[in-house]
file model13.tsv (TSV, C-alpha atoms)
chain	number	residue	atom	x	y	z
A	201	MET	CA	26.24	7.96	-12.88
A	202	ARG	CA	22.94	6.11	-12.76
A	203	TYR	CA	19.55	7.39	-13.82
A	204	PRO	CA	16.22	6.57	-12.17
A	205	GLN	CA	14.75	5.15	-15.39
A	206	GLY	CA	17.01	2.14	-15.02
A	207	GLY	CA	19.64	3.04	-17.57
A	208	GLY	CA	23.25	3.95	-17.11
A	209	LEU	CA	25.33	6.28	-19.20
A	210	THR	CA	24.24	7.04	-22.72
A	211	ALA	CA	26.32	5.63	-25.58
A	212	GLU	CA	27.70	9.11	-26.32
A	213	ARG	CA	28.77	9.62	-22.72
A	214	ARG	CA	30.46	6.19	-22.62
A	215	ALA	CA	32.32	7.03	-25.86
A	216	PHE	CA	33.43	10.37	-24.37
A	217	ARG	CA	34.80	8.65	-21.26
A	218	GLU	CA	36.56	6.04	-23.38
A	219	ARG	CA	38.26	8.85	-25.37
A	220	ILE	CA	39.55	10.31	-22.11
A	221	ARG	CA	40.97	6.92	-21.08
A	222	MET	CA	42.69	6.58	-24.47
A	223	GLU	CA	44.24	10.03	-24.04
A	224	ALA	CA	45.43	8.91	-20.62
A	225	ALA	CA	47.04	5.82	-22.21
A	226	GLU	CA	48.96	8.07	-24.61
A	227	MET	CA	50.14	10.20	-21.69
A	228	PHE	CA	51.20	7.07	-19.78
A	229	ALA	CA	53.24	5.99	-22.81
A	230	GLY	CA	54.78	9.50	-22.87
A	231	GLY	CA	55.96	9.03	-19.28
A	232	GLN	CA	53.77	11.63	-17.55
A	233	ASP	CA	52.96	11.16	-13.88
A	234	ASN	CA	49.46	10.58	-12.45
A	235	ALA	CA	48.97	14.09	-11.08
A	236	THR	CA	49.79	15.68	-14.44
A	237	VAL	CA	47.48	13.32	-16.33
A	238	ALA	CA	44.67	13.96	-13.84
A	239	LYS	CA	45.06	17.73	-14.08
A	240	GLU	CA	45.30	17.71	-17.88
A	241	LEU	CA	42.24	15.50	-18.36
A	242	ARG	CA	40.31	17.03	-15.43
A	243	VAL	CA	39.69	13.72	-13.66
A	244	SER	CA	40.55	12.42	-10.22
A	245	VAL	CA	44.02	11.10	-9.41
A	246	ARG	CA	42.43	7.87	-8.14
A	247	SER	CA	40.88	7.23	-11.55
A	248	VAL	CA	44.22	7.84	-13.23
A	249	GLN	CA	45.91	5.44	-10.79
A	250	ARG	CA	43.33	2.76	-11.59
A	251	TRP	CA	43.72	3.34	-15.34
A	252	ARG	CA	47.52	3.22	-15.12
A	253	ARG	CA	47.43	-0.06	-13.19
A	254	SER	CA	45.08	-1.56	-15.79
A	255	TRP	CA	47.22	-0.18	-18.63
A	256	GLN	CA	50.40	-1.67	-17.13
A	257	GLU	CA	48.79	-5.09	-16.65
A	258	GLY	CA	47.10	-5.46	-20.03
A	259	GLY	CA	47.91	-2.57	-22.30
A	260	ARG	CA	45.78	0.00	-24.04
A	261	HIS	CA	42.91	-2.36	-24.95
A	262	THR	CA	42.07	-2.85	-21.23
A	263	LEU	CA	40.93	0.77	-21.09
A	264	HIS	CA	38.21	0.26	-23.73
A	265	SER	CA	34.61	0.50	-22.59
A	266	LYS	CA	33.05	-2.75	-21.42
A	267	GLY	CA	29.54	-1.55	-22.32
A	268	SER	CA	26.67	-0.44	-20.16
A	269	ALA	CA	27.04	-1.10	-16.44
A	270	ALA	CA	23.35	-1.97	-16.24
A	271	ARG	CA	23.07	-4.60	-18.93
A	272	PRO	CA	19.59	-6.07	-18.95
A	273	LYS	CA	19.24	-9.70	-17.92
A	274	LEU	CA	16.93	-10.24	-20.90
A	275	ASN	CA	17.95	-8.67	-24.20
A	276	GLU	CA	15.39	-7.11	-26.53
A	277	ALA	CA	14.74	-10.35	-28.42
A	278	LEU	CA	14.11	-12.31	-25.22
A	279	PHE	CA	11.94	-9.54	-23.82
A	280	ALA	CA	9.82	-9.67	-27.01
A	281	VAL	CA	9.32	-13.40	-26.38
A	282	LEU	CA	8.42	-12.63	-22.75
A	283	GLU	CA	5.81	-10.10	-23.92
A	284	GLN	CA	4.27	-12.76	-26.16
A	285	GLU	CA	4.13	-15.17	-23.22
A	286	LEU	CA	2.57	-12.50	-20.99
A	287	ALA	CA	-0.03	-11.77	-23.68
A	288	LYS	CA	-1.18	-15.41	-23.52
A	289	GLY	CA	-2.23	-14.80	-19.93
A	290	PRO	CA	-1.51	-16.57	-16.64
A	291	VAL	CA	-4.16	-19.26	-17.20
A	292	ALA	CA	-2.27	-20.49	-20.27
A	293	HIS	CA	0.76	-20.99	-18.02
A	294	GLY	CA	-1.10	-22.95	-15.34
A	295	TRP	CA	-2.30	-20.31	-12.84
A	296	PRO	CA	-5.96	-20.33	-11.78
A	297	ASP	CA	-6.76	-16.65	-12.45
A	298	GLN	CA	-5.90	-13.90	-14.93
A	299	THR	CA	-3.63	-11.87	-12.65
A	300	TRP	CA	0.07	-11.40	-13.44
A	301	THR	CA	2.16	-10.85	-10.31
A	302	LEU	CA	5.89	-10.25	-10.13
A	303	ALA	CA	6.32	-13.67	-8.51
A	304	ARG	CA	4.48	-15.33	-11.39
A	305	ILE	CA	6.51	-13.42	-13.97
A	306	LYS	CA	9.67	-14.49	-12.14
A	307	THR	CA	8.54	-18.12	-12.33
A	308	LEU	CA	7.72	-17.72	-16.03
A	309	ILE	CA	11.18	-16.24	-16.75
A	310	GLY	CA	12.79	-19.11	-14.86
A	311	ARG	CA	10.79	-21.74	-16.74
A	312	ARG	CA	11.11	-20.16	-20.19
A	313	PHE	CA	14.62	-18.65	-20.17
A	314	HIS	CA	16.34	-20.48	-17.30
A	315	ARG	CA	17.31	-17.17	-15.69
A	316	THR	CA	16.85	-15.91	-12.15
A	317	LEU	CA	15.92	-12.28	-11.55
A	318	THR	CA	14.89	-10.52	-8.37
A	319	LEU	CA	11.39	-9.12	-8.11
A	320	SER	CA	12.73	-5.56	-8.09
A	321	ALA	CA	14.80	-6.26	-11.24
A	322	ILE	CA	11.70	-7.60	-12.96
A	323	ALA	CA	9.70	-4.53	-11.92
A	324	ARG	CA	12.44	-2.21	-13.25
A	325	MET	CA	12.67	-4.16	-16.51
A	326	LEU	CA	8.91	-4.02	-17.06
A	327	ARG	CA	8.77	-0.32	-16.21
A	328	ARG	CA	11.66	0.37	-18.60
A	329	HIS	CA	9.65	-1.25	-21.40
A	330	GLY	CA	6.50	0.75	-20.67
A	331	TRP	CA	4.58	-1.70	-18.50
A	332	SER	CA	2.86	-0.48	-15.35
A	333	HIS	CA	1.42	-2.33	-12.37
A	334	GLN	CA	-2.33	-2.38	-12.09
A	335	VAL	CA	-4.54	-3.65	-9.33
A	336	PRO	CA	-7.64	-5.44	-10.57
A	337	ALA	CA	-10.97	-4.00	-9.48
A	338	ARG	CA	-12.61	-6.55	-7.20
A	339	ARG	CA	-16.33	-6.24	-7.68
A	340	ALA	CA	-19.13	-8.69	-7.17
A	341	LEU	CA	-20.63	-10.18	-10.32
A	342	GLU	CA	-24.10	-9.26	-9.03
A	343	ARG	CA	-23.17	-5.56	-8.68
A	344	ASP	CA	-25.66	-3.15	-10.29
A	345	GLU	CA	-23.78	0.01	-11.33
A	346	ASP	CA	-26.96	2.12	-11.72
A	347	THR	CA	-28.11	1.33	-8.16
A	348	VAL	CA	-24.64	2.11	-6.77
A	349	ALA	CA	-24.49	5.44	-8.63
A	350	GLY	CA	-27.97	6.38	-7.32
A	351	TRP	CA	-27.00	5.50	-3.75
A	352	VAL	CA	-23.80	7.56	-3.95
A	353	LYS	CA	-25.71	10.54	-5.33
A	354	GLU	CA	-28.78	10.47	-3.07
A	355	THR	CA	-28.23	8.45	0.14
A	356	TRP	CA	-24.55	9.02	0.90
A	357	PRO	CA	-24.71	12.86	1.23
A	358	GLN	CA	-27.48	12.49	3.83
A	359	THR	CA	-25.53	9.83	5.74
A	360	LYS	CA	-22.21	11.60	5.98
A	361	GLY	CA	-23.67	14.82	7.43
A	362	PRO	CA	-22.39	18.41	7.25
A	363	ARG	CA	-18.68	19.13	7.19
A	364	ARG	CA	-18.65	22.02	9.69
A	365	ARG	CA	-20.39	22.54	12.97
A	366	SER	CA	-22.82	25.43	13.17
A	367	ALA	CA	-21.95	26.15	16.84
A	368	ALA	CA	-18.77	27.88	17.97
A	369	GLY	CA	-15.89	25.50	18.52
A	370	SER	CA	-13.20	25.33	21.18
A	371	SER	CA	-9.53	26.16	20.85
A	372	SER	CA	-8.60	23.15	23.01
A	373	ARG	CA	-8.61	19.71	21.45
A	374	THR	CA	-8.48	17.81	24.72
A	375	LYS	CA	-10.95	19.78	26.86
A	376	PRO	CA	-13.56	21.54	24.76
A	377	ALA	CA	-14.89	23.59	27.71
A	378	SER	CA	-11.50	24.99	28.72
A	379	GLY	CA	-9.19	27.32	26.89
A	380	TRP	CA	-9.49	30.75	25.50
A	381	ALA	CA	-12.10	31.63	22.96
A	382	LEU	CA	-11.52	34.38	20.47
A	383	PRO	CA	-14.06	37.16	20.50
A	384	ARG	CA	-16.58	37.10	17.68
A	385	PHE	CA	-16.95	40.20	15.62
A	386	PRO	CA	-20.16	40.95	13.75
call {"tool": "encode", "arguments": {"input": "model13.tsv", "output": "structure tokens"}}
result
Amino acid sequence: MRYPQGGGLTAERRAFRERIRMEAAEMFAGGQDNATVAKELRVSVRSVQRWRRSWQEGGRHTLHSKGSAARPKLNEALFAVLEQELAKGPVAHGWPDQTWTLARIKTLIGRRFHRTLTLSAIARMLRRHGWSHQVPARRALERDEDTVAGWVKETWPQTKGPRRRSAAGSSSRTKPASGWALPRFP
């Protein structure tokens, strides 16, 4: 089972599933059939068939957990190095402005760690570590915030006009003069 935060099973849940597989290995050694093992352990027969095949080919150790299914491409130590590189800023890495994009981060990971990740994998990895995407506010350098605030407060309400019409409206959107009008009650 996968979780939307980008993880997989918790360590406890993986250990629980591994215990079930080890119990199945004991039952295989005892000569029990797949249906009995599945019923006893409350798992599907297909899973038991897969476990038995693996057990027959390589023994009990093949049923041990292989770790998380969603292993990160960058471990915690490498991600700490990536965070240090990101903190230096894009200009320090040769880009003309101070905006980190997923494509730039992908290039940085390729240059620094010699690894290739998809843009969506990079976004998930950053989100998992508490980063969020932000769009820079594009404002003119000459912008006067006090003048803008005054205009929004004084001029804009006069420009946009009233929200509702004072006259009676029509029930038809296509032909305002046709259609039935509801009677008005005082």
call {"tool": "closest_residue", "arguments": {"input": "model13.tsv", "among": "A:His293, A:Arg253, A:Lys306, A:Asn234", "to": "Leu326 (chain A)", "atoms": "only C-alpha atoms"}}
result
A:Lys306
call {"tool": "atom_distance", "arguments": {"input": "model13.tsv", "atom1": "CA of Arg315 (chain A)", "atom2": "CA of Ser265 (chain A)"}}
result
25.7 Å
call {"tool": "residues_around", "arguments": {"input": "model13.tsv", "residues": "Ala321 (chain A)", "least_positions_apart": "4", "cutoff": "10 Å", "atoms": "only C-alpha atoms", "output": "PyMOL selection string"}}
result
chain A and resi 206+272-273+302+306+316-317+325-327
call {"tool": "atom_distance", "arguments": {"input": "model13.tsv", "atom1": "CA of Val248 (chain A)", "atom2": "CA of Ala224 (chain A)"}}
result
7.6 Å
call {"tool": "atom_distance", "arguments": {"input": "model13.tsv", "atom1": "CA of Gln284 (chain A)", "atom2": "CA of Ile309 (chain A)"}}
result
12.2 Å
call {"tool": "closest_residue", "arguments": {"input": "model13.tsv", "among": "A:Glu345, A:Arg252, A:Ala277, A:Leu282", "to": "Arg311 (chain A)", "atoms": "all atoms listed in the file"}}
result
A:Leu282
call {"tool": "closest_residue", "arguments": {"input": "model13.tsv", "among": "A:Arg217, A:Arg312, A:Arg324, A:His333", "to": "Leu278 (chain A)", "atoms": "all atoms listed in the file"}}
result
A:Arg312
call {"tool": "decode", "arguments": {"input": "model13.tsv", "residues": "region 201-246 of chain A", "atoms": "N, CA and C atoms", "output": "compact mmCIF listing (two decimals), in the first residue's frame"}}
result
# COMPACT_ATOMS: atom_id res chain seq x y z
N MET A 201 0.84 -1.18 0.00
CA MET A 201 0.00 0.00 0.00
C MET A 201 0.88 1.24 0.00
N ARG A 202 0.54 2.20 -0.82
CA ARG A 202 1.30 3.44 -0.92
C ARG A 202 0.53 4.56 -0.23
N TYR A 203 1.23 5.56 0.22
CA TYR A 203 0.63 6.69 0.87
C TYR A 203 0.94 7.95 0.08
N PRO A 204 0.03 8.94 0.09
CA PRO A 204 0.22 10.11 -0.75
C PRO A 204 1.41 10.96 -0.36
N GLN A 205 1.95 10.82 0.83
CA GLN A 205 3.09 11.62 1.24
C GLN A 205 4.39 11.10 0.64
N GLY A 206 4.32 10.07 -0.18
CA GLY A 206 5.51 9.62 -0.86
C GLY A 206 6.21 8.45 -0.18
N GLY A 207 5.69 8.00 0.93
CA GLY A 207 6.32 6.88 1.60
C GLY A 207 5.75 5.57 1.12
N GLY A 208 6.07 4.52 1.78
CA GLY A 208 5.51 3.21 1.50
C GLY A 208 4.96 2.69 2.80
N LEU A 209 5.25 1.46 3.12
CA LEU A 209 4.84 0.92 4.40
C LEU A 209 5.77 1.42 5.49
N THR A 210 5.24 1.51 6.69
CA THR A 210 6.10 1.87 7.82
C THR A 210 7.00 0.68 8.14
N ALA A 211 8.03 0.92 8.93
CA ALA A 211 8.96 -0.14 9.30
C ALA A 211 8.24 -1.23 10.10
N GLU A 212 7.29 -0.83 10.95
CA GLU A 212 6.55 -1.81 11.75
C GLU A 212 5.69 -2.70 10.85
N ARG A 213 5.06 -2.08 9.86
CA ARG A 213 4.20 -2.85 8.96
C ARG A 213 5.03 -3.81 8.09
N ARG A 214 6.21 -3.37 7.65
CA ARG A 214 7.09 -4.26 6.90
C ARG A 214 7.52 -5.44 7.75
N ALA A 215 7.85 -5.18 9.04
CA ALA A 215 8.27 -6.25 9.94
C ALA A 215 7.13 -7.24 10.16
N PHE A 216 5.90 -6.71 10.28
CA PHE A 216 4.74 -7.58 10.46
C PHE A 216 4.56 -8.50 9.25
N ARG A 217 4.68 -7.94 8.06
CA ARG A 217 4.53 -8.75 6.85
C ARG A 217 5.65 -9.78 6.71
N GLU A 218 6.85 -9.40 7.14
CA GLU A 218 7.96 -10.34 7.08
C GLU A 218 7.71 -11.51 8.04
N ARG A 219 7.16 -11.22 9.22
CA ARG A 219 6.82 -12.30 10.17
C ARG A 219 5.83 -13.28 9.56
N ILE A 220 4.86 -12.77 8.83
CA ILE A 220 3.87 -13.64 8.18
C ILE A 220 4.56 -14.52 7.14
N ARG A 221 5.48 -13.95 6.38
CA ARG A 221 6.20 -14.76 5.37
C ARG A 221 7.06 -15.83 6.04
N MET A 222 7.65 -15.51 7.19
CA MET A 222 8.46 -16.51 7.91
C MET A 222 7.58 -17.65 8.45
N GLU A 223 6.37 -17.28 8.92
CA GLU A 223 5.43 -18.33 9.36
C GLU A 223 5.04 -19.21 8.17
N ALA A 224 4.87 -18.58 7.01
CA ALA A 224 4.53 -19.36 5.81
C ALA A 224 5.67 -20.32 5.48
N ALA A 225 6.92 -19.88 5.63
CA ALA A 225 8.07 -20.75 5.35
C ALA A 225 8.07 -21.96 6.27
N GLU A 226 7.72 -21.76 7.54
CA GLU A 226 7.63 -22.89 8.47
C GLU A 226 6.55 -23.87 8.05
N MET A 227 5.42 -23.33 7.58
CA MET A 227 4.32 -24.17 7.13
C MET A 227 4.70 -24.92 5.86
N PHE A 228 5.46 -24.26 4.97
CA PHE A 228 5.92 -24.94 3.76
C PHE A 228 6.80 -26.13 4.15
N ALA A 229 7.70 -25.89 5.11
CA ALA A 229 8.61 -26.95 5.56
C ALA A 229 7.81 -28.09 6.22
N GLY A 230 6.66 -27.75 6.83
CA GLY A 230 5.80 -28.76 7.45
C GLY A 230 4.95 -29.52 6.45
N GLY A 231 4.99 -29.11 5.18
CA GLY A 231 4.28 -29.83 4.13
C GLY A 231 2.84 -29.40 3.91
N GLN A 232 2.44 -28.26 4.43
CA GLN A 232 1.04 -27.82 4.25
C GLN A 232 0.86 -27.25 2.85
N ASP A 233 -0.35 -27.40 2.33
CA ASP A 233 -0.64 -26.90 0.98
C ASP A 233 -0.94 -25.40 1.00
N ASN A 234 -0.97 -24.79 -0.18
CA ASN A 234 -1.13 -23.34 -0.32
C ASN A 234 -2.45 -22.84 0.26
N ALA A 235 -3.53 -23.55 0.02
CA ALA A 235 -4.84 -23.10 0.50
C ALA A 235 -4.87 -23.07 2.02
N THR A 236 -4.28 -24.06 2.66
CA THR A 236 -4.27 -24.11 4.12
C THR A 236 -3.42 -22.97 4.69
N VAL A 237 -2.26 -22.74 4.08
CA VAL A 237 -1.39 -21.66 4.54
C VAL A 237 -2.10 -20.32 4.38
N ALA A 238 -2.74 -20.12 3.24
CA ALA A 238 -3.45 -18.86 2.98
C ALA A 238 -4.57 -18.64 3.99
N LYS A 239 -5.32 -19.67 4.29
CA LYS A 239 -6.43 -19.55 5.23
C LYS A 239 -5.91 -19.29 6.64
N GLU A 240 -4.87 -20.01 7.02
CA GLU A 240 -4.30 -19.87 8.37
C GLU A 240 -3.72 -18.47 8.60
N LEU A 241 -3.03 -17.95 7.60
CA LEU A 241 -2.37 -16.65 7.74
C LEU A 241 -3.23 -15.48 7.28
N ARG A 242 -4.42 -15.81 6.73
CA ARG A 242 -5.36 -14.79 6.26
C ARG A 242 -4.75 -13.90 5.18
N VAL A 243 -4.18 -14.56 4.17
CA VAL A 243 -3.62 -13.87 3.01
C VAL A 243 -4.17 -14.54 1.76
N SER A 244 -3.87 -13.98 0.61
CA SER A 244 -4.39 -14.56 -0.64
C SER A 244 -3.57 -15.80 -1.03
N VAL A 245 -4.22 -16.68 -1.76
CA VAL A 245 -3.55 -17.89 -2.24
C VAL A 245 -2.45 -17.52 -3.22
N ARG A 246 -2.67 -16.48 -4.01
CA ARG A 246 -1.65 -16.03 -4.98
C ARG A 246 -0.38 -15.61 -4.27
